[in-house]
file input_19.txt (compact mmCIF, N, CA and C atoms)
# COMPACT_ATOMS: atom_id res chain seq x y z
N MET A 1 0.85 -1.17 0.00
CA MET A 1 0.00 0.00 0.00
C MET A 1 0.89 1.22 0.00
N ASN A 2 0.61 2.11 -0.93
CA ASN A 2 1.39 3.32 -1.06
C ASN A 2 0.75 4.41 -0.21
N THR A 3 1.50 4.94 0.77
CA THR A 3 0.97 5.98 1.65
C THR A 3 1.58 7.33 1.35
N ASP A 4 2.27 7.47 0.24
CA ASP A 4 2.85 8.76 -0.12
C ASP A 4 1.77 9.63 -0.74
N PHE A 5 1.57 10.78 -0.14
CA PHE A 5 0.58 11.72 -0.65
C PHE A 5 1.29 12.89 -1.31
N SER A 6 0.83 13.24 -2.47
CA SER A 6 1.39 14.42 -3.11
C SER A 6 0.64 15.64 -2.60
N ILE A 7 1.11 16.80 -2.98
CA ILE A 7 0.46 18.04 -2.56
C ILE A 7 -0.95 18.10 -3.13
N ASP A 8 -1.13 17.67 -4.36
CA ASP A 8 -2.44 17.71 -5.00
C ASP A 8 -3.44 16.81 -4.28
N SER A 9 -3.01 15.60 -3.91
CA SER A 9 -3.94 14.69 -3.24
C SER A 9 -4.29 15.22 -1.84
N THR A 10 -3.32 15.83 -1.15
CA THR A 10 -3.60 16.40 0.17
C THR A 10 -4.59 17.55 0.04
N LYS A 11 -4.40 18.38 -0.98
CA LYS A 11 -5.30 19.49 -1.21
C LYS A 11 -6.70 18.99 -1.55
N MET A 12 -6.76 17.92 -2.35
CA MET A 12 -8.04 17.35 -2.73
C MET A 12 -8.76 16.81 -1.50
N ILE A 13 -8.04 16.14 -0.62
CA ILE A 13 -8.65 15.60 0.59
C ILE A 13 -9.14 16.73 1.48
N SER A 14 -8.38 17.80 1.61
CA SER A 14 -8.82 18.92 2.45
C SER A 14 -10.05 19.59 1.83
N ASN A 15 -10.13 19.63 0.49
CA ASN A 15 -11.32 20.19 -0.16
C ASN A 15 -12.55 19.32 0.11
N VAL A 16 -12.37 18.01 0.11
CA VAL A 16 -13.49 17.11 0.41
C VAL A 16 -13.97 17.33 1.83
N PHE A 17 -13.04 17.44 2.77
CA PHE A 17 -13.43 17.69 4.16
C PHE A 17 -14.11 19.05 4.30
N ALA A 18 -13.62 20.06 3.60
CA ALA A 18 -14.23 21.39 3.66
C ALA A 18 -15.65 21.35 3.09
N PHE A 19 -15.82 20.63 1.98
CA PHE A 19 -17.15 20.51 1.38
C PHE A 19 -18.11 19.79 2.33
N HIS A 20 -17.62 18.72 2.94
CA HIS A 20 -18.45 17.98 3.89
C HIS A 20 -18.83 18.87 5.07
N ALA A 21 -17.90 19.67 5.55
CA ALA A 21 -18.18 20.57 6.67
C ALA A 21 -19.23 21.61 6.28
N GLN A 22 -19.16 22.12 5.03
CA GLN A 22 -20.15 23.10 4.57
C GLN A 22 -21.54 22.48 4.49
N THR A 23 -21.63 21.32 3.89
CA THR A 23 -22.95 20.70 3.75
C THR A 23 -23.50 20.31 5.11
N HIS A 24 -22.62 19.89 6.01
CA HIS A 24 -23.10 19.52 7.34
C HIS A 24 -23.61 20.74 8.09
N THR A 25 -22.91 21.87 7.99
CA THR A 25 -23.39 23.07 8.69
C THR A 25 -24.66 23.59 8.04
N ARG A 26 -24.80 23.45 6.70
CA ARG A 26 -26.04 23.86 6.06
C ARG A 26 -27.22 23.05 6.57
N GLN A 27 -27.03 21.75 6.72
CA GLN A 27 -28.11 20.90 7.22
C GLN A 27 -28.46 21.28 8.65
N VAL A 28 -27.46 21.58 9.44
CA VAL A 28 -27.72 21.97 10.83
C VAL A 28 -28.45 23.30 10.87
N ASN A 29 -28.04 24.26 10.02
CA ASN A 29 -28.68 25.57 10.02
C ASN A 29 -30.12 25.49 9.54
N LEU A 30 -30.43 24.57 8.64
CA LEU A 30 -31.80 24.43 8.18
C LEU A 30 -32.72 23.87 9.26
N SER A 31 -32.16 23.10 10.15
CA SER A 31 -33.00 22.48 11.17
C SER A 31 -33.23 23.40 12.37
N VAL A 32 -32.56 24.54 12.44
CA VAL A 32 -32.75 25.47 13.55
C VAL A 32 -34.05 26.23 13.32
N ARG A 33 -34.92 26.21 14.27
CA ARG A 33 -36.21 26.89 14.15
C ARG A 33 -36.33 27.92 15.26
N THR A 34 -36.93 29.04 14.92
CA THR A 34 -37.16 30.06 15.93
C THR A 34 -38.61 29.97 16.38
N ILE A 35 -38.83 30.19 17.63
CA ILE A 35 -40.17 30.16 18.20
C ILE A 35 -40.67 31.60 18.29
N PRO A 36 -41.81 31.92 17.65
CA PRO A 36 -42.30 33.30 17.69
C PRO A 36 -42.79 33.67 19.08
N ASP A 37 -42.80 34.97 19.34
CA ASP A 37 -43.32 35.47 20.61
C ASP A 37 -44.81 35.18 20.70
N ASP A 38 -45.33 35.16 21.93
CA ASP A 38 -46.76 34.92 22.10
C ASP A 38 -47.60 36.06 21.54
N ASP A 39 -47.05 37.28 21.55
CA ASP A 39 -47.79 38.44 21.08
C ASP A 39 -47.66 38.67 19.58
N ALA A 40 -46.81 37.91 18.90
CA ALA A 40 -46.61 38.09 17.47
C ALA A 40 -47.83 37.59 16.70
N PRO A 41 -48.29 38.38 15.69
CA PRO A 41 -49.44 37.91 14.92
C PRO A 41 -49.07 36.70 14.08
N VAL A 42 -49.96 35.76 14.02
CA VAL A 42 -49.72 34.54 13.26
C VAL A 42 -50.20 34.78 11.83
N GLN A 43 -49.30 34.61 10.87
CA GLN A 43 -49.66 34.77 9.47
C GLN A 43 -49.94 33.40 8.88
N PRO A 44 -51.07 33.24 8.20
CA PRO A 44 -51.32 31.94 7.57
C PRO A 44 -50.32 31.69 6.46
N LYS A 45 -49.92 30.46 6.33
CA LYS A 45 -48.95 30.10 5.30
C LYS A 45 -49.57 30.16 3.92
N ASP A 46 -50.85 29.89 3.84
CA ASP A 46 -51.55 29.87 2.57
C ASP A 46 -52.63 30.93 2.59
N SER A 47 -52.60 31.85 1.65
CA SER A 47 -53.57 32.94 1.64
C SER A 47 -54.83 32.59 0.85
N CYS A 48 -54.99 31.36 0.45
CA CYS A 48 -56.17 30.95 -0.31
C CYS A 48 -57.44 30.97 0.53
N THR A 49 -57.29 30.96 1.82
CA THR A 49 -58.45 30.87 2.70
C THR A 49 -59.07 32.23 2.99
N ASP A 50 -58.48 33.32 2.50
CA ASP A 50 -59.00 34.66 2.76
C ASP A 50 -60.22 34.91 1.87
N ALA A 51 -61.40 34.91 2.46
CA ALA A 51 -62.63 35.07 1.68
C ALA A 51 -62.80 36.49 1.17
N ALA A 52 -62.16 37.47 1.81
CA ALA A 52 -62.30 38.86 1.40
C ALA A 52 -61.41 39.21 0.21
N ALA A 53 -60.40 38.41 -0.04
CA ALA A 53 -59.48 38.70 -1.14
C ALA A 53 -60.15 38.43 -2.48
N ARG A 54 -60.09 39.42 -3.36
CA ARG A 54 -60.73 39.26 -4.67
C ARG A 54 -59.78 38.61 -5.66
N LEU A 55 -58.49 38.92 -5.57
CA LEU A 55 -57.51 38.35 -6.49
C LEU A 55 -56.84 37.14 -5.87
N MET A 56 -56.58 36.15 -6.71
CA MET A 56 -55.95 34.92 -6.24
C MET A 56 -54.72 34.61 -7.08
N SER A 57 -53.80 33.90 -6.49
CA SER A 57 -52.63 33.42 -7.22
C SER A 57 -53.03 32.23 -8.09
N THR A 58 -52.09 31.79 -8.91
CA THR A 58 -52.36 30.65 -9.79
C THR A 58 -52.66 29.40 -8.99
N SER A 59 -51.90 29.16 -7.92
CA SER A 59 -52.13 27.96 -7.13
C SER A 59 -53.47 28.01 -6.40
N CYS A 60 -53.87 29.20 -5.93
CA CYS A 60 -55.17 29.31 -5.26
C CYS A 60 -56.31 29.14 -6.27
N ALA A 61 -56.13 29.70 -7.47
CA ALA A 61 -57.16 29.54 -8.51
C ALA A 61 -57.28 28.08 -8.90
N ALA A 62 -56.15 27.39 -8.99
CA ALA A 62 -56.18 25.96 -9.32
C ALA A 62 -56.92 25.18 -8.25
N ARG A 63 -56.66 25.48 -7.01
CA ARG A 63 -57.36 24.81 -5.92
C ARG A 63 -58.85 25.14 -5.95
N TYR A 64 -59.18 26.40 -6.25
CA TYR A 64 -60.57 26.86 -6.28
C TYR A 64 -61.36 26.13 -7.37
N LEU A 65 -60.72 25.91 -8.53
CA LEU A 65 -61.40 25.25 -9.65
C LEU A 65 -61.21 23.74 -9.65
N GLY A 66 -60.36 23.22 -8.79
CA GLY A 66 -60.12 21.78 -8.76
C GLY A 66 -59.28 21.31 -9.92
N LYS A 67 -58.39 22.14 -10.38
CA LYS A 67 -57.52 21.82 -11.52
C LYS A 67 -56.07 21.94 -11.07
N SER A 68 -55.14 21.53 -11.94
CA SER A 68 -53.72 21.69 -11.62
C SER A 68 -53.27 23.09 -12.03
N VAL A 69 -52.14 23.51 -11.50
CA VAL A 69 -51.59 24.82 -11.83
C VAL A 69 -51.30 24.92 -13.32
N TRP A 70 -50.74 23.86 -13.89
CA TRP A 70 -50.41 23.89 -15.32
C TRP A 70 -51.66 23.91 -16.18
N THR A 71 -52.73 23.28 -15.74
CA THR A 71 -53.98 23.35 -16.49
C THR A 71 -54.52 24.77 -16.48
N ILE A 72 -54.42 25.45 -15.35
CA ILE A 72 -54.86 26.84 -15.25
C ILE A 72 -54.04 27.71 -16.20
N ARG A 73 -52.73 27.52 -16.23
CA ARG A 73 -51.88 28.30 -17.14
C ARG A 73 -52.24 28.03 -18.60
N ARG A 74 -52.48 26.76 -18.93
CA ARG A 74 -52.87 26.42 -20.31
C ARG A 74 -54.19 27.09 -20.67
N MET A 75 -55.13 27.11 -19.74
CA MET A 75 -56.42 27.74 -19.98
C MET A 75 -56.26 29.24 -20.23
N VAL A 76 -55.35 29.88 -19.50
CA VAL A 76 -55.11 31.32 -19.69
C VAL A 76 -54.53 31.57 -21.07
N PHE A 77 -53.51 30.80 -21.44
CA PHE A 77 -52.85 31.03 -22.72
C PHE A 77 -53.73 30.61 -23.90
N ALA A 78 -54.71 29.74 -23.67
CA ALA A 78 -55.66 29.35 -24.72
C ALA A 78 -56.82 30.33 -24.81
N GLY A 79 -56.92 31.26 -23.86
CA GLY A 79 -57.99 32.24 -23.87
C GLY A 79 -59.27 31.76 -23.22
N GLU A 80 -59.24 30.64 -22.53
CA GLU A 80 -60.44 30.10 -21.88
C GLU A 80 -60.72 30.77 -20.54
N LEU A 81 -59.68 31.31 -19.92
CA LEU A 81 -59.80 31.88 -18.58
C LEU A 81 -59.08 33.21 -18.56
N ARG A 82 -59.71 34.20 -17.96
CA ARG A 82 -59.11 35.53 -17.89
C ARG A 82 -58.19 35.62 -16.68
N ALA A 83 -57.09 36.37 -16.87
CA ALA A 83 -56.12 36.57 -15.78
C ALA A 83 -55.54 37.97 -15.88
N ILE A 84 -54.99 38.42 -14.79
CA ILE A 84 -54.32 39.71 -14.73
C ILE A 84 -52.82 39.43 -14.78
N ARG A 85 -52.16 40.00 -15.78
CA ARG A 85 -50.73 39.78 -15.92
C ARG A 85 -49.97 40.83 -15.13
N GLY A 86 -48.92 40.39 -14.50
CA GLY A 86 -48.00 41.24 -13.77
C GLY A 86 -46.75 40.43 -13.59
N LYS A 87 -46.13 40.57 -12.44
CA LYS A 87 -44.99 39.70 -12.16
C LYS A 87 -45.46 38.25 -12.12
N HIS A 88 -46.64 38.03 -11.55
CA HIS A 88 -47.27 36.71 -11.50
C HIS A 88 -48.70 36.86 -12.01
N LEU A 89 -49.25 35.77 -12.49
CA LEU A 89 -50.65 35.79 -12.90
C LEU A 89 -51.53 35.88 -11.67
N LYS A 90 -52.56 36.72 -11.76
CA LYS A 90 -53.56 36.82 -10.69
C LYS A 90 -54.92 36.59 -11.31
N PHE A 91 -55.81 36.02 -10.54
CA PHE A 91 -57.13 35.67 -11.03
C PHE A 91 -58.19 36.31 -10.17
N ASP A 92 -59.18 36.90 -10.83
CA ASP A 92 -60.31 37.51 -10.14
C ASP A 92 -61.29 36.41 -9.77
N ARG A 93 -61.72 36.42 -8.53
CA ARG A 93 -62.66 35.40 -8.06
C ARG A 93 -63.95 35.41 -8.88
N ARG A 94 -64.38 36.60 -9.31
CA ARG A 94 -65.60 36.71 -10.11
C ARG A 94 -65.44 36.01 -11.47
N ASP A 95 -64.25 36.16 -12.08
CA ASP A 95 -64.01 35.47 -13.36
C ASP A 95 -64.01 33.96 -13.19
N LEU A 96 -63.48 33.50 -12.08
CA LEU A 96 -63.48 32.05 -11.82
C LEU A 96 -64.91 31.55 -11.61
N ASP A 97 -65.72 32.34 -10.91
CA ASP A 97 -67.12 31.96 -10.71
C ASP A 97 -67.87 31.96 -12.05
N LEU A 98 -67.59 32.94 -12.92
CA LEU A 98 -68.21 32.97 -14.25
C LEU A 98 -67.80 31.76 -15.07
N TRP A 99 -66.54 31.35 -14.97
CA TRP A 99 -66.09 30.16 -15.70
C TRP A 99 -66.83 28.92 -15.20
N ILE A 100 -67.01 28.84 -13.88
CA ILE A 100 -67.74 27.70 -13.31
C ILE A 100 -69.17 27.68 -13.84
N GLU A 101 -69.83 28.84 -13.83
CA GLU A 101 -71.21 28.91 -14.31
C GLU A 101 -71.30 28.56 -15.80
N ALA A 102 -70.33 29.01 -16.59
CA ALA A 102 -70.36 28.76 -18.03
C ALA A 102 -70.07 27.29 -18.35
N ASN A 103 -69.42 26.59 -17.47
CA ASN A 103 -69.04 25.19 -17.75
C ASN A 103 -69.87 24.18 -16.98
N LYS A 104 -70.95 24.61 -16.42
CA LYS A 104 -71.85 23.66 -15.73
C LYS A 104 -72.64 22.89 -16.77
N GLU A 105 -72.88 21.65 -16.46
CA GLU A 105 -73.72 20.78 -17.31
C GLU A 105 -74.81 20.18 -16.44
N GLN A 106 -75.96 20.00 -17.03
CA GLN A 106 -77.05 19.35 -16.32
C GLN A 106 -77.21 17.96 -16.88
N PHE A 107 -77.17 17.00 -15.99
CA PHE A 107 -77.31 15.59 -16.39
C PHE A 107 -78.73 15.14 -16.12
N LYS A 108 -79.26 14.34 -17.02
CA LYS A 108 -80.64 13.84 -16.86
C LYS A 108 -80.63 12.45 -16.31
call {"tool": "encode", "arguments": {"input": "input_19.txt", "output": "structure tokens"}}
result
Amino acid sequence: MNTDFSIDSTKMISNVFAFHAQTHTRQVNLSVRTIPDDDAPVQPKDSCTDAAARLMSTSCAARYLGKSVWTIRRMVFAGELRAIRGKHLKFDRRDLDLWIEANKEQFK
């Protein structure tokens, strides 16, 4: 067994250890959680539940219509569903309700 290490192999080994140390500290830092104060207002993680909000994100509109996000995007680009363009697509709750009414079928 050859135990002679060149400078390059020593440097490579130290780089591997440094990389391992970085990934290990990243994993540790991700697992650290802060506990909010008792007086801090609690913000809901998902804003889809706000009944007063008139505009919805793509994911909220998809949940509202029972479709996938990509189906909602396809519907917008096909002209089947109206959306407000900006940095992100926004959907008016009234337009979604109109789409529901227009696509209802009565079964006999």
call {"tool": "residues_around", "arguments": {"input": "input_19.txt", "residues": "Leu89 of chain A", "least_positions_apart": "5", "cutoff": "7 Å", "atoms": "all atoms listed in the file", "output": "VMD selection string"}}
result
chain A and resid 56 to 58 83 to 84
call {"tool": "residues_around", "arguments": {"input": "input_19.txt", "residues": "Thr71 of chain A", "least_positions_apart": "5", "cutoff": "8 Å", "atoms": "only N, CA and C atoms", "output": "list in words"}}
result
Ala62, Val76 and Phe77 of chain A
call {"tool": "residues_near_point", "arguments": {"input": "input_19.txt", "point": "(-62.7, 38.6, -11.5)", "cutoff": "9 Å", "atoms": "only C-alpha atoms", "output": "ChimeraX atom specification"}}
result
/A:54-55,82-83,91-98
call {"tool": "closest_residue", "arguments": {"input": "input_19.txt", "among": "A:Lys67, A:Glu80, A:Ser59, A:Arg73", "to": "Trp99 of chain A", "atoms": "only C-alpha atoms"}}
result
A:Glu80
call {"tool": "closest_residue", "arguments": {"input": "input_19.txt", "among": "A:Lys108, A:Trp70, A:Leu81, A:Ala61", "to": "Cys48 of chain A", "atoms": "all atoms listed in the file"}}
result
A:Ala61
call {"tool": "atom_distance", "arguments": {"input": "input_19.txt", "atom1": "atom CA of Arg74 of chain A", "atom2": "atom CA of Glu105 of chain A"}}
result
21.8 Å
call {"tool": "atom_distance", "arguments": {"input": "input_19.txt", "atom1": "atom CA of Arg63 of chain A", "atom2": "atom N of His88 of chain A"}}
result
17.9 Å
call {"tool": "atom_distance", "arguments": {"input": "input_19.txt", "atom1": "atom CA of Glu101 of chain A", "atom2": "atom CA of Gly86 of chain A"}}
result
26.3 Å
